[in-house]
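Report on the following structure.
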Amino acid sequence: MSAGTVAGEPQTLAAPAGLASDVVAITGRAIRGILREPELFIFALLIPVFFFVVQVGALGDVAKKAFGVPSYAAFQLPISVLFAAASTSGGNSLVLDISNGYWDKLSVTPAHRSALVIGTLFGELFAVLGYSVALVVFGWAIGVRFAGNELVGALGLLGLTLLFGVGFAAVSIAVALATGSVRATQSTFIIFFPLLFLTPSALPRKLMTGWFEKAVSLNPITYVVEAARSFLFGFDAAVVAKGVLAAVLFSMFTFGLTALAFRRRVRMG
């Protein structure tokens, strides 16, 4: 009788590799999935670039006089970068894994199912970094420059965007885990639209008045946007600190939703 059988029945020789190894494997799988579909990457960039071109074309010439903004292209670049960061599709790939049975297959292996969630999030970080670098290069090509040290400013913007992007990706993943519905998961992108437009996206917050200014002040993404602009118009430690804190709190909240949805999905089997 072979070592792989007992009483004629096949036996698995697999053993738990550890959560870290599982996460690395799933992250690699997620990144390969992104690289196999470059058309999705291109489409995710088209919409932010479209809005950027429209906004700068419509208001660029009058922004300096009307808003006191010396470079409206630099003013709008962080909006485009954050817009692209919210175009993550990790929840879409995860919900397909749930619907096609891959999630259930993991339950009969030594692999940790939590690795599928964590690895998907890391894969989305790779996508967000790609979007952000592409848009920063695009901005630089049309003349947008960072205040002070160019490299430090660009790295600061990228770091802040990654922190926000992984938090937003967690929303999509939470919906995928909670519902198992492709349509519901794909609709999470709509959440970003009201959050984005309730920010100083078109003009500085100091020019806003009334209920709109109050709503903008309550929106955590406002502080992320203002921190991102600080890297372009002159570094302000207090503004950046508020933006980082807002992004951290936002991500902690969305990670909490993901954890709750994960526990529910595990109980469902």
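Each chain in the structure tokens gets a letter, A, B, ..., in the order shown, and its residues are numbered from 1; ligands are numbered from 1 in order too.
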Contact check, range 55-154 of chain A to range 164-177 of chain A, at most 8 Å, counting only C-alpha atoms, closest pairs as JSON lines:
{"residue": "A:Leu82", "atom": "CA", "partner": "A:Gly165", "partner_atom": "CA", "distance": 7.5}
{"residue": "A:Ala85", "atom": "CA", "partner": "A:Gly165", "partner_atom": "CA", "distance": 4.9}
{"residue": "A:Ala86", "atom": "CA", "partner": "A:Phe168", "partner_atom": "CA", "distance": 6.1}
{"residue": "A:Thr88", "atom": "CA", "partner": "A:Ala169", "partner_atom": "CA", "distance": 5.8}
{"residue": "A:Ser89", "atom": "CA", "partner": "A:Ala169", "partner_atom": "CA", "distance": 7.3}
{"residue": "A:Gly90", "atom": "CA", "partner": "A:Ile173", "partner_atom": "CA", "distance": 6.3}
{"residue": "A:Gly91", "atom": "CA", "partner": "A:Ile173", "partner_atom": "CA", "distance": 4.1}
{"residue": "A:Asn92", "atom": "CA", "partner": "A:Ala176", "partner_atom": "CA", "distance": 7.1}
{"residue": "A:Leu94", "atom": "CA", "partner": "A:Ala176", "partner_atom": "CA", "distance": 6.6}
{"residue": "A:Val95", "atom": "CA", "partner": "A:Ala176", "partner_atom": "CA", "distance": 5.1}
{"residue": "A:Val117", "atom": "CA", "partner": "A:Ile173", "partner_atom": "CA", "distance": 7.5}
{"residue": "A:Leu121", "atom": "CA", "partner": "A:Val166", "partner_atom": "CA", "distance": 6.6}
{"residue": "A:Phe122", "atom": "CA", "partner": "A:Val166", "partner_atom": "CA", "distance": 8.0}
{"residue": "A:Glu124", "atom": "CA", "partner": "A:Ala169", "partner_atom": "CA", "distance": 6.8}
{"residue": "A:Leu125", "atom": "CA", "partner": "A:Val166", "partner_atom": "CA", "distance": 6.0}
{"residue": "A:Val128", "atom": "CA", "partner": "A:Gly165", "partner_atom": "CA", "distance": 6.3}
Just the residues within 6 Å of range 48-58 of chain A, please, counting only C-alpha atoms, with nothing from its chain fewer than 6 positions along; format it as a list in words.
->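 Counting only C-alpha atoms, the residues come to Ala73, Ser80 and Phe83 of chain A.
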Expected file contents, prior selection, C-alpha atoms, as a PDB file, in the first residue's frame:
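File produced: out.pdb:
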ATOM      1  CA  ALA A  73      -4.351  71.456 -13.773  1.00  0.00           C
ATOM      2  CA  SER A  80      -8.248  62.387 -10.979  1.00  0.00           C
ATOM      3  CA  PHE A  83     -11.014  58.942  -8.836  1.00  0.00           C
TER       4      PHE A  83
END
So, with only C-alpha atoms as the atoms that count, which of A:Gly256, A:Gly153, A:Pro204, A:Phe197 lies closest to Val240 in chain A?
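Residue with the minimum atom-to-atom distance to Val240 in chain A: A:Gly153.
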**Residue among A:Ala261, A:Gly33, A:Tyr72, A:Ala237 lying closest to Arg145 in chain A, counting only C-alpha atoms** =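 Counting only C-alpha atoms, the residue closest to Arg145 in chain A is A:Tyr72.
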Find the residues near Met208 in chain A: any atom within 12 Å, counting only C-alpha atoms, skip ones fewer than 6 places away on the same chain, and give them as an MDAnalysis selection string. chainID A and resid 67 198:202 214:217
Write down as a ChimeraX atom specification the residues of range 51-262 of chain A whose backbone DSSP state falls under helix (DSSP H, G or I). /A:51-66,72-85,90-99,102-106,113-141,150-179,182-186,189-197,205-207,210-218,220-233,237-262
- Message: Applying 12 Å and only C-alpha atoms, which residues near Val133 in chain A remain after dropping the ones on its own chain fewer than 2 positions away? List them as a PyMOL selection string.
- Response: chain A and resi 45+77-78+80-82+84-85+126-131+135-140+154-159+161-162
Please save N, CA, C and O atoms of the selected residues as an mmCIF file, in the first residue's frame.
data_model
loop_
_atom_site.group_PDB
_atom_site.id
_atom_site.type_symbol
_atom_site.label_atom_id
_atom_site.label_comp_id
_atom_site.auth_asym_id
_atom_site.auth_seq_id
_atom_site.Cartn_x
_atom_site.Cartn_y
_atom_site.Cartn_z
ATOM 1 N N LEU A 45 -8.606 54.322 -16.357
ATOM 2 C CA LEU A 45 -7.907 55.604 -16.492
ATOM 3 C C LEU A 45 -8.652 56.585 -17.385
ATOM 4 O O LEU A 45 -8.497 57.798 -17.241
ATOM 5 N N LEU A 77 -5.477 67.536 -10.556
ATOM 6 C CA LEU A 77 -4.781 66.252 -10.654
ATOM 7 C C LEU A 77 -5.086 65.317 -9.472
ATOM 8 O O LEU A 77 -5.349 64.120 -9.692
ATOM 9 N N PRO A 78 -5.076 65.782 -8.217
ATOM 10 C CA PRO A 78 -5.404 64.865 -7.115
ATOM 11 C C PRO A 78 -6.807 64.265 -7.216
ATOM 12 O O PRO A 78 -7.018 63.121 -6.805
ATOM 13 N N SER A 80 -8.347 63.465 -9.998
ATOM 14 C CA SER A 80 -8.248 62.387 -10.979
ATOM 15 C C SER A 80 -7.558 61.165 -10.389
ATOM 16 O O SER A 80 -7.966 60.024 -10.648
ATOM 17 N N VAL A 81 -6.515 61.393 -9.593
ATOM 18 C CA VAL A 81 -5.785 60.281 -8.980
ATOM 19 C C VAL A 81 -6.688 59.528 -8.011
ATOM 20 O O VAL A 81 -6.740 58.281 -8.018
ATOM 21 N N LEU A 82 -7.421 60.253 -7.160
ATOM 22 C CA LEU A 82 -8.324 59.597 -6.211
ATOM 23 C C LEU A 82 -9.489 58.920 -6.939
ATOM 24 O O LEU A 82 -9.974 57.869 -6.508
ATOM 25 N N ALA A 84 -9.339 57.520 -9.874
ATOM 26 C CA ALA A 84 -8.819 56.251 -10.391
ATOM 27 C C ALA A 84 -8.636 55.238 -9.271
ATOM 28 O O ALA A 84 -8.890 54.039 -9.456
ATOM 29 N N ALA A 85 -8.215 55.710 -8.101
ATOM 30 C CA ALA A 85 -8.026 54.808 -6.963
ATOM 31 C C ALA A 85 -9.336 54.156 -6.537
ATOM 32 O O ALA A 85 -9.341 53.048 -5.991
ATOM 33 N N PHE A 126 -1.705 47.072 -5.799
ATOM 34 C CA PHE A 126 -0.887 47.064 -7.023
ATOM 35 C C PHE A 126 -1.594 47.848 -8.126
ATOM 36 O O PHE A 126 -0.972 48.659 -8.832
ATOM 37 N N ALA A 127 -2.913 47.625 -8.282
ATOM 38 C CA ALA A 127 -3.678 48.339 -9.309
ATOM 39 C C ALA A 127 -3.724 49.833 -9.020
ATOM 40 O O ALA A 127 -3.529 50.662 -9.922
ATOM 41 N N VAL A 128 -3.987 50.195 -7.758
ATOM 42 C CA VAL A 128 -4.056 51.613 -7.380
ATOM 43 C C VAL A 128 -2.714 52.291 -7.651
ATOM 44 O O VAL A 128 -2.669 53.430 -8.149
ATOM 45 N N LEU A 129 -1.624 51.617 -7.319
ATOM 46 C CA LEU A 129 -0.304 52.187 -7.575
ATOM 47 C C LEU A 129 -0.101 52.412 -9.070
ATOM 48 O O LEU A 129 0.423 53.456 -9.489
ATOM 49 N N GLY A 130 -0.523 51.452 -9.880
ATOM 50 C CA GLY A 130 -0.394 51.611 -11.334
ATOM 51 C C GLY A 130 -1.192 52.784 -11.857
ATOM 52 O O GLY A 130 -0.691 53.590 -12.656
ATOM 53 N N TYR A 131 -2.462 52.907 -11.418
ATOM 54 C CA TYR A 131 -3.290 54.036 -11.833
ATOM 55 C C TYR A 131 -2.641 55.357 -11.434
ATOM 56 O O TYR A 131 -2.573 56.316 -12.220
ATOM 57 N N LEU A 135 -1.185 58.473 -13.816
ATOM 58 C CA LEU A 135 -1.771 59.814 -13.807
ATOM 59 C C LEU A 135 -0.770 60.876 -13.378
ATOM 60 O O LEU A 135 -0.804 62.003 -13.881
ATOM 61 N N VAL A 136 0.116 60.537 -12.450
ATOM 62 C CA VAL A 136 1.156 61.493 -12.062
ATOM 63 C C VAL A 136 2.085 61.768 -13.244
ATOM 64 O O VAL A 136 2.467 62.916 -13.502
ATOM 65 N N VAL A 137 2.436 60.732 -13.973
ATOM 66 C CA VAL A 137 3.270 60.910 -15.174
ATOM 67 C C VAL A 137 2.530 61.740 -16.218
ATOM 68 O O VAL A 137 3.114 62.632 -16.860
ATOM 69 N N PHE A 138 1.235 61.486 -16.381
ATOM 70 C CA PHE A 138 0.422 62.276 -17.304
ATOM 71 C C PHE A 138 0.415 63.750 -16.884
ATOM 72 O O PHE A 138 0.582 64.651 -17.725
ATOM 73 N N GLY A 139 0.218 63.991 -15.594
ATOM 74 C CA GLY A 139 0.233 65.370 -15.106
ATOM 75 C C GLY A 139 1.574 66.037 -15.340
ATOM 76 O O GLY A 139 1.638 67.211 -15.757
ATOM 77 N N TRP A 140 2.657 65.308 -15.067
ATOM 78 C CA TRP A 140 3.990 65.872 -15.265
ATOM 79 C C TRP A 140 4.210 66.201 -16.739
ATOM 80 O O TRP A 140 4.818 67.222 -17.074
ATOM 81 N N ALA A 154 5.767 63.676 -5.109
ATOM 82 C CA ALA A 154 5.109 62.593 -5.835
ATOM 83 C C ALA A 154 4.925 61.369 -4.950
ATOM 84 O O ALA A 154 3.858 60.733 -4.950
ATOM 85 N N LEU A 155 5.951 61.027 -4.171
ATOM 86 C CA LEU A 155 5.851 59.877 -3.268
ATOM 87 C C LEU A 155 4.808 60.111 -2.178
ATOM 88 O O LEU A 155 4.085 59.193 -1.788
ATOM 89 N N GLY A 156 4.729 61.357 -1.699
ATOM 90 C CA GLY A 156 3.714 61.680 -0.695
ATOM 91 C C GLY A 156 2.306 61.502 -1.247
ATOM 92 O O GLY A 156 1.433 60.928 -0.575
ATOM 93 N N LEU A 157 2.082 61.984 -2.458
ATOM 94 C CA LEU A 157 0.769 61.831 -3.088
ATOM 95 C C LEU A 157 0.446 60.360 -3.323
ATOM 96 O O LEU A 157 -0.683 59.918 -3.068
ATOM 97 N N LEU A 158 1.423 59.595 -3.785
ATOM 98 C CA LEU A 158 1.198 58.176 -4.047
ATOM 99 C C LEU A 158 0.892 57.420 -2.750
ATOM 100 O O LEU A 158 -0.001 56.572 -2.709
ATOM 101 N N GLY A 159 1.624 57.740 -1.683
ATOM 102 C CA GLY A 159 1.388 57.072 -0.414
ATOM 103 C C GLY A 159 0.000 57.346 0.125
ATOM 104 O O GLY A 159 -0.698 56.436 0.603
ATOM 105 N N THR A 161 -2.605 58.225 -1.619
ATOM 106 C CA THR A 161 -3.573 57.588 -2.512
ATOM 107 C C THR A 161 -3.692 56.092 -2.234
ATOM 108 O O THR A 161 -4.793 55.533 -2.256
ATOM 109 N N LEU A 162 -2.569 55.439 -1.965
ATOM 110 C CA LEU A 162 -2.607 54.014 -1.632
ATOM 111 C C LEU A 162 -3.408 53.772 -0.356
ATOM 112 O O LEU A 162 -4.188 52.822 -0.267
#
At a cut-off of 10 Å, using only C-alpha atoms, what residues contact Gly28 in chain A? Leave out same-chain residues fewer than 6 positions from it and give the result as a ChimeraX atom specification.
/A:22,34,119-120,122-123
How about saving the chosen residues, N, CA and C atoms kept, as a PDB file, in the first residue's frame?
ATOM      1  N   ASP A  22       0.097  31.884   2.268  1.00  0.00           N
ATOM      2  CA  ASP A  22      -1.176  31.895   1.536  1.00  0.00           C
ATOM      3  C   ASP A  22      -1.461  33.277   0.956  1.00  0.00           C
ATOM      4  N   ILE A  34      -4.860  40.894 -12.856  1.00  0.00           N
ATOM      5  CA  ILE A  34      -4.898  42.288 -13.322  1.00  0.00           C
ATOM      6  C   ILE A  34      -4.081  42.447 -14.601  1.00  0.00           C
ATOM      7  N   GLY A 119      -5.154  38.876   0.269  1.00  0.00           N
ATOM      8  CA  GLY A 119      -4.405  38.874  -0.989  1.00  0.00           C
ATOM      9  C   GLY A 119      -5.078  39.704  -2.064  1.00  0.00           C
ATOM     10  N   THR A 120      -6.414  39.669  -2.089  1.00  0.00           N
ATOM     11  CA  THR A 120      -7.151  40.498  -3.045  1.00  0.00           C
ATOM     12  C   THR A 120      -6.929  41.971  -2.764  1.00  0.00           C
ATOM     13  N   PHE A 122      -4.249  43.302  -1.363  1.00  0.00           N
ATOM     14  CA  PHE A 122      -2.891  43.629  -1.804  1.00  0.00           C
ATOM     15  C   PHE A 122      -2.822  43.728  -3.329  1.00  0.00           C
ATOM     16  N   GLY A 123      -3.570  42.888  -4.009  1.00  0.00           N
ATOM     17  CA  GLY A 123      -3.632  42.992  -5.462  1.00  0.00           C
ATOM     18  C   GLY A 123      -4.205  44.337  -5.900  1.00  0.00           C
TER      19      GLY A 123
END
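Note that the spacing between CA of Ala228 in chain A and CA of Ser87 in chain A amounts to 17.9 Å.
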From the list A:Leu46, A:Ala246, A:Met268, A:Ala30, the nearest residue to Leu160 in chain A using only C-alpha atoms is A:Ala246
(message) Restricting the calculation to only C-alpha atoms: of A:Arg229, A:Gly243, A:Leu207, A:Ala134, which residue gets closest to Phe41 in chain A?
(response)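 When distances to Phe41 in chain A are compared using only C-alpha atoms, the smallest one comes from A:Ala134.
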May I ask for the distance between CA of Leu195 in chain A and CA of Thr258 in chain A, given in Å to one decimal place?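 Interatomic distance, CA of Leu195 in chain A to CA of Thr258 in chain A: 19.5 Å.
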#### Entry: Proximity to Lys206 in chain A - best of A:Gly143, A:Gly68, A:Gly234, A:Pro38, only C-alpha atoms
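The answer is A:Gly68, which sits nearest to Lys206 in chain A.
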Correct to one decimal, the distance CA of Gly180 in chain A-CA of Ser99 in chain A is 6.9 Å
Can you tell me, as number ranges by chain, which residues in range 5-98 of chain A count as strand (DSSP E or B) by DSSP?
A: 5-6, 9-10
Output the selection as an mmCIF file, in the first residue's frame - C-alpha atoms for each residue.
data_model
loop_
_atom_site.group_PDB
_atom_site.id
_atom_site.type_symbol
_atom_site.label_atom_id
_atom_site.label_comp_id
_atom_site.auth_asym_id
_atom_site.auth_seq_id
_atom_site.Cartn_x
_atom_site.Cartn_y
_atom_site.Cartn_z
ATOM 1 C CA THR A 5 -3.491 5.692 0.541
ATOM 2 C CA VAL A 6 -5.161 4.162 3.556
ATOM 3 C CA GLU A 9 -8.734 5.718 -0.088
ATOM 4 C CA PRO A 10 -6.637 8.657 -1.389
#
Determine, counting only C-alpha atoms, which protein, DNA and RNA residues have an atom within 9 Å of an atom of Val24 in chain A; residues of the same chain fewer than 5 positions away are not included. Present the result as a PyMOL selection string.
chain A and resi 19+29+115+119
